[in-house]
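Structure below is coords.txt: compact mmCIF, C-alpha atoms.
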```txt
# COMPACT_ATOMS: atom_id res chain seq x y z
CA MET A 1 -14.42 47.44 -31.51
CA ASP A 2 -15.62 45.95 -28.21
CA GLN A 3 -18.82 48.00 -28.27
CA VAL A 4 -19.61 46.90 -31.81
CA ASN A 5 -18.77 43.28 -31.19
CA GLY A 6 -20.31 42.87 -27.77
CA SER A 7 -18.06 39.87 -27.08
CA VAL A 8 -17.36 38.36 -23.68
CA VAL A 9 -14.08 36.91 -24.97
CA THR A 10 -11.17 39.33 -24.52
CA GLU A 11 -8.39 36.99 -25.64
CA PHE A 12 -7.85 33.86 -27.71
CA ILE A 13 -5.67 30.84 -26.95
CA LEU A 14 -3.20 29.84 -29.66
CA MET A 15 -1.97 26.31 -30.27
CA GLY A 16 1.65 25.47 -29.62
CA LEU A 17 3.53 23.96 -32.52
CA VAL A 18 5.05 21.11 -30.47
CA GLN A 19 5.17 19.93 -26.85
CA SER A 20 8.77 18.66 -26.73
CA LEU A 21 11.24 21.21 -25.33
CA GLY A 22 14.01 19.88 -27.58
CA ILE A 23 11.95 20.31 -30.74
CA GLN A 24 10.78 23.72 -29.50
CA PHE A 25 14.41 24.82 -29.29
CA LEU A 26 15.08 23.55 -32.84
CA LEU A 27 11.99 25.36 -34.15
CA LEU A 28 13.02 28.52 -32.32
CA LEU A 29 16.42 28.37 -34.02
CA PHE A 30 14.81 27.51 -37.37
CA PHE A 31 12.27 30.37 -37.33
CA SER A 32 14.77 32.88 -35.96
CA LEU A 33 17.25 32.13 -38.76
CA PHE A 34 14.51 32.08 -41.38
CA TYR A 35 13.05 35.39 -40.21
CA MET A 36 16.49 36.97 -40.20
CA GLY A 37 16.98 35.65 -43.74
CA ILE A 38 13.55 37.02 -44.76
CA ILE A 39 14.42 40.47 -43.43
CA LEU A 40 17.92 40.61 -44.91
CA GLY A 41 17.02 39.01 -48.25
CA ASN A 42 13.96 41.12 -48.98
CA LEU A 43 15.54 44.33 -47.70
CA LEU A 44 18.56 43.64 -49.92
CA ILE A 45 16.32 43.38 -52.99
CA MET A 46 14.42 46.57 -52.08
CA VAL A 47 17.58 48.57 -51.38
CA THR A 48 19.27 47.30 -54.57
CA VAL A 49 16.29 48.23 -56.75
CA ILE A 50 15.90 51.65 -55.09
CA PHE A 51 19.54 52.73 -55.32
CA ASP A 52 20.63 51.09 -58.60
CA LEU A 53 19.42 53.19 -61.52
CA HIS A 54 19.89 50.26 -63.91
CA LEU A 55 17.03 48.46 -62.12
CA HIS A 56 14.51 51.30 -62.36
CA SER A 57 12.37 49.29 -64.76
CA PRO A 58 8.83 47.90 -64.29
CA MET A 59 9.92 44.31 -63.67
CA TYR A 60 12.25 45.25 -60.81
CA ILE A 61 9.84 47.81 -59.35
CA LEU A 62 7.27 45.02 -59.11
CA LEU A 63 9.92 42.70 -57.65
CA ALA A 64 10.81 45.26 -54.96
CA ASN A 65 7.14 45.62 -54.05
CA LEU A 66 6.81 41.83 -53.89
CA SER A 67 9.75 41.74 -51.47
CA PHE A 68 8.06 44.40 -49.33
CA ILE A 69 4.85 42.35 -49.24
CA ASP A 70 6.74 39.13 -48.40
CA LEU A 71 8.43 40.93 -45.52
CA GLY A 72 5.08 42.26 -44.31
CA LEU A 73 3.30 38.91 -44.67
CA SER A 74 5.91 37.02 -42.68
CA SER A 75 5.96 39.76 -40.02
CA THR A 76 2.26 39.19 -39.30
CA THR A 77 2.93 35.72 -37.87
CA VAL A 78 6.60 34.69 -37.59
CA PRO A 79 7.60 37.06 -34.74
CA ARG A 80 4.54 35.85 -32.83
CA MET A 81 5.55 32.21 -33.49
CA ILE A 82 9.04 32.91 -32.12
CA PHE A 83 7.58 34.64 -29.05
CA ASP A 84 5.17 31.75 -28.36
CA LEU A 85 8.01 29.22 -28.56
CA LEU A 86 9.62 31.12 -25.67
CA SER A 87 6.40 31.41 -23.68
CA ASP A 88 4.25 28.92 -21.82
CA CYS A 89 1.17 31.17 -22.03
CA LYS A 90 0.18 31.30 -25.71
CA VAL A 91 -2.63 33.86 -25.74
CA ILE A 92 -3.42 36.76 -28.03
CA SER A 93 -5.78 39.64 -27.23
CA PHE A 94 -9.03 40.03 -29.14
CA HIS A 95 -7.80 43.25 -30.77
CA ASN A 96 -4.42 41.81 -31.79
CA CYS A 97 -6.11 38.72 -33.22
CA MET A 98 -8.37 40.90 -35.37
CA ILE A 99 -5.42 43.05 -36.49
CA GLN A 100 -3.38 39.96 -37.38
CA MET A 101 -6.19 38.51 -39.51
CA PHE A 102 -6.77 41.81 -41.27
CA PHE A 103 -3.13 42.34 -42.28
CA ILE A 104 -2.63 38.70 -43.31
CA HIS A 105 -5.38 39.12 -45.89
CA VAL A 106 -4.28 42.62 -46.95
CA MET A 107 -0.77 41.31 -47.71
CA GLY A 108 -2.12 38.14 -49.31
CA GLY A 109 -4.50 40.08 -51.57
CA VAL A 110 -1.78 42.51 -52.63
CA GLU A 111 0.61 39.66 -53.44
CA MET A 112 -1.98 37.94 -55.66
CA VAL A 113 -2.40 41.08 -57.77
CA LEU A 114 1.36 41.70 -57.91
CA LEU A 115 1.94 38.17 -59.22
CA ILE A 116 -0.67 38.80 -61.93
CA ALA A 117 1.08 42.07 -62.81
CA MET A 118 4.45 40.29 -62.99
CA ALA A 119 2.94 37.63 -65.26
CA TYR A 120 1.57 40.35 -67.55
CA ASP A 121 4.98 42.04 -67.53
CA ARG A 122 6.68 38.79 -68.63
CA TYR A 123 4.00 38.15 -71.26
CA THR A 124 4.58 41.59 -72.78
CA ALA A 125 8.37 41.30 -72.60
CA ILE A 126 8.46 37.85 -74.25
CA CYS A 127 5.51 37.96 -76.66
CA LYS A 128 5.49 41.67 -77.57
CA PRO A 129 9.08 42.85 -77.06
CA LEU A 130 8.86 45.71 -79.57
CA HIS A 131 5.90 47.22 -77.71
CA TYR A 132 7.14 46.48 -74.19
CA LEU A 133 8.31 49.99 -73.29
CA THR A 134 5.08 51.46 -74.64
CA ILE A 135 2.74 49.06 -72.81
CA ILE A 136 4.69 48.53 -69.56
CA ASN A 137 5.93 51.98 -68.61
CA PRO A 138 6.69 53.23 -65.07
CA ARG A 139 3.28 54.88 -64.85
CA MET A 140 1.52 51.61 -65.69
CA CYS A 141 3.76 49.80 -63.21
CA TRP A 142 2.86 52.09 -60.31
CA LEU A 143 -0.79 51.84 -61.34
CA PHE A 144 -0.49 48.06 -60.90
CA VAL A 145 0.96 48.59 -57.43
CA MET A 146 -1.79 51.03 -56.44
CA VAL A 147 -4.53 48.70 -57.72
CA ALA A 148 -2.90 45.80 -55.86
CA TRP A 149 -3.09 47.68 -52.55
CA ILE A 150 -6.67 48.79 -53.17
CA ILE A 151 -7.79 45.23 -53.97
CA GLY A 152 -5.85 43.83 -51.01
CA VAL A 153 -7.47 46.25 -48.56
CA ILE A 154 -10.97 45.67 -50.02
CA HIS A 155 -10.44 41.89 -49.87
CA ALA A 156 -9.46 42.10 -46.17
CA ILE A 157 -12.22 44.54 -45.21
CA PHE A 158 -14.86 42.38 -46.94
CA GLN A 159 -13.98 39.49 -44.63
CA PHE A 160 -13.17 41.56 -41.56
CA VAL A 161 -16.64 43.14 -41.33
CA PHE A 162 -18.24 39.69 -41.14
CA VAL A 163 -16.02 38.51 -38.29
CA VAL A 164 -15.62 41.61 -36.11
CA ASN A 165 -19.38 41.84 -35.48
CA LEU A 166 -19.79 38.21 -34.41
CA PRO A 167 -20.54 37.46 -30.73
CA PHE A 168 -17.73 35.58 -28.97
CA CYS A 169 -18.66 34.17 -25.57
CA GLY A 170 -16.46 31.05 -25.43
CA PRO A 171 -14.71 28.75 -26.15
CA ASN A 172 -11.67 30.78 -27.20
CA ASN A 173 -9.14 28.16 -28.41
CA VAL A 174 -8.27 29.02 -32.01
CA GLY A 175 -6.70 25.61 -32.65
CA SER A 176 -3.80 27.10 -34.61
CA PHE A 177 -0.61 29.09 -34.00
CA TYR A 178 -2.14 32.19 -35.61
CA CYS A 179 -5.53 33.85 -36.03
CA ASP A 180 -7.40 33.49 -39.30
CA PHE A 181 -10.97 34.19 -40.31
CA PRO A 182 -12.23 30.59 -40.80
CA ARG A 183 -10.84 29.41 -37.43
CA VAL A 184 -12.00 32.40 -35.41
CA MET A 185 -15.47 32.32 -36.95
CA LYS A 186 -16.00 28.78 -35.65
CA LEU A 187 -15.69 30.14 -32.10
CA ALA A 188 -18.65 32.52 -32.48
CA CYS A 189 -21.76 31.90 -30.38
CA MET A 190 -24.01 31.48 -33.41
CA ASP A 191 -24.39 29.43 -36.57
CA THR A 192 -21.70 30.68 -38.97
CA TYR A 193 -22.07 28.09 -41.75
CA LYS A 194 -23.17 30.63 -44.37
CA LEU A 195 -20.49 33.11 -43.34
CA GLU A 196 -17.84 30.38 -43.49
CA PHE A 197 -18.93 29.65 -47.05
CA VAL A 198 -18.60 33.35 -47.93
CA ILE A 199 -15.09 33.44 -46.46
CA ALA A 200 -14.11 30.24 -48.31
CA ALA A 201 -15.49 31.65 -51.55
CA ASN A 202 -13.71 34.96 -51.07
CA SER A 203 -10.30 33.55 -50.15
CA GLY A 204 -10.29 30.04 -51.55
CA PHE A 205 -11.99 30.45 -54.89
CA ILE A 206 -10.11 33.67 -55.59
CA SER A 207 -6.86 31.79 -54.87
CA ILE A 208 -7.85 28.95 -57.19
CA GLY A 209 -9.00 31.33 -59.94
CA THR A 210 -5.84 33.43 -59.74
CA PHE A 211 -3.62 30.35 -59.65
CA PHE A 212 -5.15 28.79 -62.76
CA PHE A 213 -5.15 32.15 -64.55
CA LEU A 214 -1.40 32.49 -63.89
CA VAL A 215 -0.65 28.89 -64.91
CA VAL A 216 -2.64 29.27 -68.14
CA SER A 217 -0.93 32.59 -68.90
CA TYR A 218 2.54 31.04 -68.49
CA ILE A 219 1.55 28.08 -70.69
CA PHE A 220 0.24 30.53 -73.30
CA ILE A 221 3.54 32.41 -73.23
CA LEU A 222 5.55 29.20 -73.74
CA VAL A 223 3.25 28.02 -76.58
CA THR A 224 3.53 31.42 -78.27
CA VAL A 225 7.33 31.36 -78.01
CA ARG A 226 7.47 27.81 -79.37
CA GLN A 227 5.38 28.79 -82.40
CA HIS A 228 7.78 31.60 -83.27
CA SER A 229 11.06 29.92 -82.47
CA SER A 230 11.75 26.61 -80.76
CA ASN A 231 15.28 27.81 -79.95
CA ASP A 232 13.89 30.53 -77.69
CA LEU A 233 11.67 28.09 -75.78
CA SER A 234 14.35 26.98 -73.32
CA LYS A 235 15.35 30.59 -72.67
CA ALA A 236 11.73 31.61 -72.06
CA PHE A 237 11.16 28.62 -69.79
CA PHE A 238 14.28 29.49 -67.78
CA THR A 239 13.00 33.06 -67.41
CA LEU A 240 9.51 31.97 -66.38
CA SER A 241 10.56 29.09 -64.12
CA ALA A 242 11.34 31.49 -61.26
CA HIS A 243 7.88 33.06 -61.57
CA ILE A 244 6.19 29.65 -61.78
CA THR A 245 8.04 28.46 -58.68
CA VAL A 246 6.93 31.52 -56.69
CA VAL A 247 3.32 31.10 -57.85
CA VAL A 248 3.22 27.43 -56.80
CA LEU A 249 4.86 28.15 -53.43
CA PHE A 250 2.38 30.94 -52.68
CA PHE A 251 -0.89 29.50 -53.99
CA ALA A 252 -0.61 25.80 -53.11
CA PRO A 253 -0.81 26.46 -49.32
CA CYS A 254 -3.59 29.06 -49.82
CA ILE A 255 -5.72 26.62 -51.80
CA PHE A 256 -5.22 23.88 -49.23
CA LEU A 257 -5.93 26.14 -46.24
CA TYR A 258 -9.15 27.64 -47.62
CA VAL A 259 -10.61 25.11 -50.05
CA TRP A 260 -9.46 21.59 -49.06
CA PRO A 261 -12.57 19.90 -47.60
CA PHE A 262 -10.70 17.50 -45.28
CA PRO A 263 -8.37 19.71 -43.22
CA THR A 264 -6.02 18.28 -40.61
CA LYS A 265 -4.11 20.29 -38.01
CA SER A 266 -0.72 18.89 -38.98
CA LEU A 267 -1.13 19.73 -42.69
CA ASP A 268 -2.71 23.10 -41.88
CA THR A 269 0.28 23.95 -39.72
CA PHE A 270 2.76 22.76 -42.36
CA PHE A 271 1.19 24.76 -45.21
CA ALA A 272 0.79 27.85 -43.04
CA ILE A 273 4.50 27.72 -42.17
CA VAL A 274 5.32 27.36 -45.88
CA ASP A 275 3.24 30.44 -46.69
CA PHE A 276 4.47 32.65 -43.83
CA ALA A 277 8.10 31.58 -43.45
CA VAL A 278 9.43 29.38 -46.24
CA THR A 279 8.07 31.22 -49.30
CA PRO A 280 9.12 34.75 -48.16
CA PHE A 281 12.57 33.29 -47.44
CA LEU A 282 12.91 31.54 -50.80
CA ASN A 283 11.57 34.35 -53.00
CA PRO A 284 14.70 36.53 -52.69
CA VAL A 285 16.87 33.46 -53.34
CA ILE A 286 14.85 32.49 -56.42
CA TYR A 287 14.87 35.96 -57.92
CA THR A 288 18.49 36.85 -57.16
CA LEU A 289 20.31 33.60 -57.91
CA ARG A 290 18.48 33.19 -61.23
CA ASN A 291 18.64 36.82 -62.31
CA LYS A 292 21.84 38.10 -63.90
CA ASP A 293 20.90 41.80 -63.62
CA MET A 294 20.19 41.50 -59.88
CA LYS A 295 23.49 39.73 -59.23
CA VAL A 296 25.42 42.35 -61.22
CA ALA A 297 23.60 45.18 -59.41
CA MET A 298 24.33 43.68 -55.98
CA LYS A 299 27.99 43.21 -56.89
CA ARG A 300 28.15 46.80 -58.12
CA MET A 301 26.51 48.08 -54.93
CA SER A 302 28.88 46.09 -52.70
CA GLN A 303 31.87 47.51 -54.60
CA GLN A 304 30.52 51.03 -54.07
CA VAL A 305 30.14 50.38 -50.34
CA VAL A 306 33.69 49.03 -50.08
CA SER A 307 35.15 51.95 -52.07
CA SER A 308 33.30 54.49 -49.94
CA ARG A 309 34.71 52.87 -46.79
CA ASP A 310 38.24 52.98 -48.23
CA MET A 311 37.82 56.69 -48.97
CA THR A 312 36.82 57.39 -45.39
```

Written form, structure tokens:
Amino acid sequence: MDQVNGSVVTEFILMGLVQSLGIQFLLLLFFSLFYMGIILGNLLIMVTVIFDLHLHSPMYILLANLSFIDLGLSSTTVPRMIFDLLSDCKVISFHNCMIQMFFIHVMGGVEMVLLIAMAYDRYTAICKPLHYLTIINPRMCWLFVMVAWIIGVIHAIFQFVFVVNLPFCGPNNVGSFYCDFPRVMKLACMDTYKLEFVIAANSGFISIGTFFFLVVSYIFILVTVRQHSSNDLSKAFFTLSAHITVVVLFFAPCIFLYVWPFPTKSLDTFFAIVDFAVTPFLNPVIYTLRNKDMKVAMKRMSQQVVSSRDMT
């Protein structure tokens, strides 16, 4: 990578979240607890879906994959945030910075496609229930997952090839607590205006397009349900509200970070924390507390664990 890039810079300086030692301690506690909750919550969903045969359906297969992506997305930045809160020297090597950026956009791209697949799954289940098992079968579900990973990797590579070949000769202060393509590109020793526009178009406009597509699809589902039976509207809205909440939590920070023309460091930091820490923490809560099948499956699994311990 060094030979291709020809950069003088071998490391980048990351921005600390706060200067106060007291607030640093509170943030350290906050992120440590949140990351533990992210790991436990998302692993619990994955394990429950894998080992409970009643959940071997497309909707829960997609949910388990979403949990895996949430765990991966948060792991690209949150452990580093925790480490930097314990360290006075907040630097990241050139290679690690590039790797962090690449995997952030792989996970983000995969999650976008998974959310579209989950919206299509709900549309079929609510609007075409008699054809659901024919249209959304396990083969189609795993095809969605495979396509999601392919698109996520292509999305990340498309941006990565623009940045990795840029010359970096200083300065090297990223101005954020993590590496991302728009911020790192500004540090290149050349005019990157056109490349920044390409990155904004690739990440920002795709985020906006996907967000509005999902919102319109959910509105279409609710309108279709209302036309058939107004009594089923509240039930459909309750079912979709979890999906809508996840979509808003994921896409609102993305749109602000990549499209908003008047960025500020404080808001950038806030929305990045929402995307990397808060949303992956809340997703398991949203999908388990509002889903009867998941709660029953978890209760059944806990009873099996207890009974197996009693037998031993």

| message | Taking (-6.0, 34.5, -31.6) in the coordinates of the supplied file, I want to know which residues reach to within 9 Å of it, counting all atoms listed in the file; could you give the answer as a list in words? | response |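 In the file's frame, the residues around the point are Glu11, Phe12, Ile13, Leu14, Val91, Ile92, Ser93, Phe94, His95, Asn96, Cys97, Met98, Gln100, Met101, Asn172, Asn173, Val174, Gly175, Ser176, Phe177, Tyr178, Cys179, Asp180 and Val184 of chain A.
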
| query | Using only C-alpha atoms, which residue out of A:Val161, A:Val247, A:Val225, A:Met15 lies closest to A:Ser87? | reply |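 For A:Ser87, the nearest of the candidates is A:Met15.
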
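If you count all atoms listed in the file and ignore residues fewer than 2 places along the chain from A:Leu28, what sits within 12 Å of it is Leu17, Val18, Leu21, Gly22, Ile23, Gln24, Phe25, Leu26, Phe30, Phe31, Ser32, Leu33, Phe34, Tyr35, Val78, Pro79, Arg80, Met81, Ile82, Phe83, Asp84, Leu85, Leu86 and Ser87 of chain A.
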
| query | What is the atom CA of A:Pro284 to atom CA of A:Ile244 distance in Å? | reply |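 Computing it gives 14.2 Å between the two atoms.
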
| From A:Asn42, A:Thr210, A:Thr77, A:Ser203, residue lying nearest A:Val113 [all atoms listed in the file] |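 Closest candidate: A:Thr210.
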
| request: Excluding A:Trp260 and residues on its chain fewer than 6 positions from it, collect all residues at most 10 Å away from it, counting all atoms listed in the file, and give them as a count of residues only. | output: 5

| task | Figure out the distance between atom CA of A:Val216 and atom CA of A:Ala156, please, to one decimal in Å. | result | 26.3 Å

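Across A:Tyr123, A:Tyr258, A:Phe281, A:Phe51, the tightest approach to A:Ala201 is made by A:Tyr258 when counting all atoms listed in the file.
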
Please identify all polymer residues within 12 Å of stretch 238-243 of chain A, counting all atoms listed in the file, omitting same-chain residues fewer than 3 positions from it, and present them as a PDB file with C-alpha atoms, in the frame of the given file.
```pdb
ATOM      1  CA  MET A  59       9.920  44.310 -63.670  1.00  0.00           C
ATOM      2  CA  LEU A  63       9.920  42.700 -57.650  1.00  0.00           C
ATOM      3  CA  LEU A  66       6.810  41.830 -53.890  1.00  0.00           C
ATOM      4  CA  LEU A 114       1.360  41.700 -57.910  1.00  0.00           C
ATOM      5  CA  LEU A 115       1.940  38.170 -59.220  1.00  0.00           C
ATOM      6  CA  ILE A 116      -0.670  38.800 -61.930  1.00  0.00           C
ATOM      7  CA  ALA A 117       1.080  42.070 -62.810  1.00  0.00           C
ATOM      8  CA  MET A 118       4.450  40.290 -62.990  1.00  0.00           C
ATOM      9  CA  ALA A 119       2.940  37.630 -65.260  1.00  0.00           C
ATOM     10  CA  TYR A 120       1.570  40.350 -67.550  1.00  0.00           C
ATOM     11  CA  ASP A 121       4.980  42.040 -67.530  1.00  0.00           C
ATOM     12  CA  ARG A 122       6.680  38.790 -68.630  1.00  0.00           C
ATOM     13  CA  TYR A 123       4.000  38.150 -71.260  1.00  0.00           C
ATOM     14  CA  ALA A 125       8.370  41.300 -72.600  1.00  0.00           C
ATOM     15  CA  ILE A 126       8.460  37.850 -74.250  1.00  0.00           C
ATOM     16  CA  PHE A 211      -3.620  30.350 -59.650  1.00  0.00           C
ATOM     17  CA  LEU A 214      -1.400  32.490 -63.890  1.00  0.00           C
ATOM     18  CA  VAL A 215      -0.650  28.890 -64.910  1.00  0.00           C
ATOM     19  CA  SER A 217      -0.930  32.590 -68.900  1.00  0.00           C
ATOM     20  CA  TYR A 218       2.540  31.040 -68.490  1.00  0.00           C
ATOM     21  CA  ILE A 219       1.550  28.080 -70.690  1.00  0.00           C
ATOM     22  CA  PHE A 220       0.240  30.530 -73.300  1.00  0.00           C
ATOM     23  CA  ILE A 221       3.540  32.410 -73.230  1.00  0.00           C
ATOM     24  CA  LEU A 222       5.550  29.200 -73.740  1.00  0.00           C
ATOM     25  CA  VAL A 225       7.330  31.360 -78.010  1.00  0.00           C
ATOM     26  CA  ASP A 232      13.890  30.530 -77.690  1.00  0.00           C
ATOM     27  CA  LEU A 233      11.670  28.090 -75.780  1.00  0.00           C
ATOM     28  CA  SER A 234      14.350  26.980 -73.320  1.00  0.00           C
ATOM     29  CA  LYS A 235      15.350  30.590 -72.670  1.00  0.00           C
ATOM     30  CA  VAL A 246       6.930  31.520 -56.690  1.00  0.00           C
ATOM     31  CA  VAL A 247       3.320  31.100 -57.850  1.00  0.00           C
ATOM     32  CA  VAL A 248       3.220  27.430 -56.800  1.00  0.00           C
ATOM     33  CA  LEU A 249       4.860  28.150 -53.430  1.00  0.00           C
ATOM     34  CA  PHE A 250       2.380  30.940 -52.680  1.00  0.00           C
ATOM     35  CA  LEU A 282      12.910  31.540 -50.800  1.00  0.00           C
ATOM     36  CA  ASN A 283      11.570  34.350 -53.000  1.00  0.00           C
ATOM     37  CA  PRO A 284      14.700  36.530 -52.690  1.00  0.00           C
ATOM     38  CA  VAL A 285      16.870  33.460 -53.340  1.00  0.00           C
ATOM     39  CA  ILE A 286      14.850  32.490 -56.420  1.00  0.00           C
ATOM     40  CA  TYR A 287      14.870  35.960 -57.920  1.00  0.00           C
ATOM     41  CA  THR A 288      18.490  36.850 -57.160  1.00  0.00           C
ATOM     42  CA  LEU A 289      20.310  33.600 -57.910  1.00  0.00           C
ATOM     43  CA  ARG A 290      18.480  33.190 -61.230  1.00  0.00           C
ATOM     44  CA  ASN A 291      18.640  36.820 -62.310  1.00  0.00           C
ATOM     45  CA  LYS A 292      21.840  38.100 -63.900  1.00  0.00           C
TER      46      LYS A 292
END
```

| remark: Between atom CA of A:Ile69 and atom CA of A:Phe158 lies a distance of 19.8 Å

| task | Counting only C-alpha atoms, note down every residue that has an atom within 7 Å of the point (-14.1, 34.2, -34.2) (file coordinates), as a list in words. | result |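 Residues with an atom at most 7 Å from (-14.1, 34.2, -34.2): Val163, Leu166, Phe168, Phe181, Arg183, Val184, Met185, Lys186, Leu187 and Ala188 of chain A.
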
I need the chosen residues saved as a PDB file, keeping the file's coordinate frame, with C-alpha atoms.
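Produced file selection-v1.pdb, reproduced below:
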```pdb
ATOM      1  CA  VAL A 163     -16.020  38.510 -38.290  1.00  0.00           C
ATOM      2  CA  LEU A 166     -19.790  38.210 -34.410  1.00  0.00           C
ATOM      3  CA  PHE A 168     -17.730  35.580 -28.970  1.00  0.00           C
ATOM      4  CA  PHE A 181     -10.970  34.190 -40.310  1.00  0.00           C
ATOM      5  CA  ARG A 183     -10.840  29.410 -37.430  1.00  0.00           C
ATOM      6  CA  VAL A 184     -12.000  32.400 -35.410  1.00  0.00           C
ATOM      7  CA  MET A 185     -15.470  32.320 -36.950  1.00  0.00           C
ATOM      8  CA  LYS A 186     -16.000  28.780 -35.650  1.00  0.00           C
ATOM      9  CA  LEU A 187     -15.690  30.140 -32.100  1.00  0.00           C
ATOM     10  CA  ALA A 188     -18.650  32.520 -32.480  1.00  0.00           C
TER      11      ALA A 188
END
```

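Using all atoms listed in the file, the shortest contact distance between A:Cys169 and any of A:Ile136, A:Met190, A:Ile208, A:Ile150 is found at A:Met190.
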
Can you pull out every residue within 7 Å of A:Ile104, counting all atoms listed in the file, but drop anything in the same chain fewer than 4 positions away, and send it as a PDB file with C-alpha atoms, in the coordinates of the input?
```
ATOM      1  CA  LEU A  73       3.300  38.910 -44.670  1.00  0.00           C
ATOM      2  CA  THR A  76       2.260  39.190 -39.300  1.00  0.00           C
ATOM      3  CA  GLN A 100      -3.380  39.960 -37.380  1.00  0.00           C
ATOM      4  CA  GLY A 108      -2.120  38.140 -49.310  1.00  0.00           C
TER       5      GLY A 108
END
```

| request: Find the spatial neighbours of A:Tyr60, counting all atoms listed in the file, within a cut-off of 10 Å - ignore same-chain residues fewer than 2 positions away - and output them as a ChimeraX atom specification. | output: /A:45-46,48-50,54-58,62-66,118,141,293-294

Keeping C-alpha atoms, export the residues of the selection given above as a JSON list (two decimals), keeping the file's coordinate frame.
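Once everything was written out, this is again.json:
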```
[["chain", "number", "residue", "atom", "x", "y", "z"],
["A", 45, "ILE", "CA", 16.32, 43.38, -52.99],
["A", 46, "MET", "CA", 14.42, 46.57, -52.08],
["A", 48, "THR", "CA", 19.27, 47.30, -54.57],
["A", 49, "VAL", "CA", 16.29, 48.23, -56.75],
["A", 50, "ILE", "CA", 15.90, 51.65, -55.09],
["A", 54, "HIS", "CA", 19.89, 50.26, -63.91],
["A", 55, "LEU", "CA", 17.03, 48.46, -62.12],
["A", 56, "HIS", "CA", 14.51, 51.30, -62.36],
["A", 57, "SER", "CA", 12.37, 49.29, -64.76],
["A", 58, "PRO", "CA", 8.83, 47.90, -64.29],
["A", 62, "LEU", "CA", 7.27, 45.02, -59.11],
["A", 63, "LEU", "CA", 9.92, 42.70, -57.65],
["A", 64, "ALA", "CA", 10.81, 45.26, -54.96],
["A", 65, "ASN", "CA", 7.14, 45.62, -54.05],
["A", 66, "LEU", "CA", 6.81, 41.83, -53.89],
["A", 118, "MET", "CA", 4.45, 40.29, -62.99],
["A", 141, "CYS", "CA", 3.76, 49.80, -63.21],
["A", 293, "ASP", "CA", 20.90, 41.80, -63.62],
["A", 294, "MET", "CA", 20.19, 41.50, -59.88]]
```

| request: Rank A:Cys127, A:Gln19, A:His155, A:Met301 by their smallest atom-to-atom distance to A:Val223, using all atoms listed in the file, and report the top residue only. | output: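 Residue with the minimum atom-to-atom distance to A:Val223: A:Cys127.
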
| request: Between A:Phe103, A:Phe256, A:Tyr132, A:Phe213, single out the one closest to A:Val153, counting all atoms listed in the file. | output: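 For A:Val153, the nearest of the given residues is A:Phe103.
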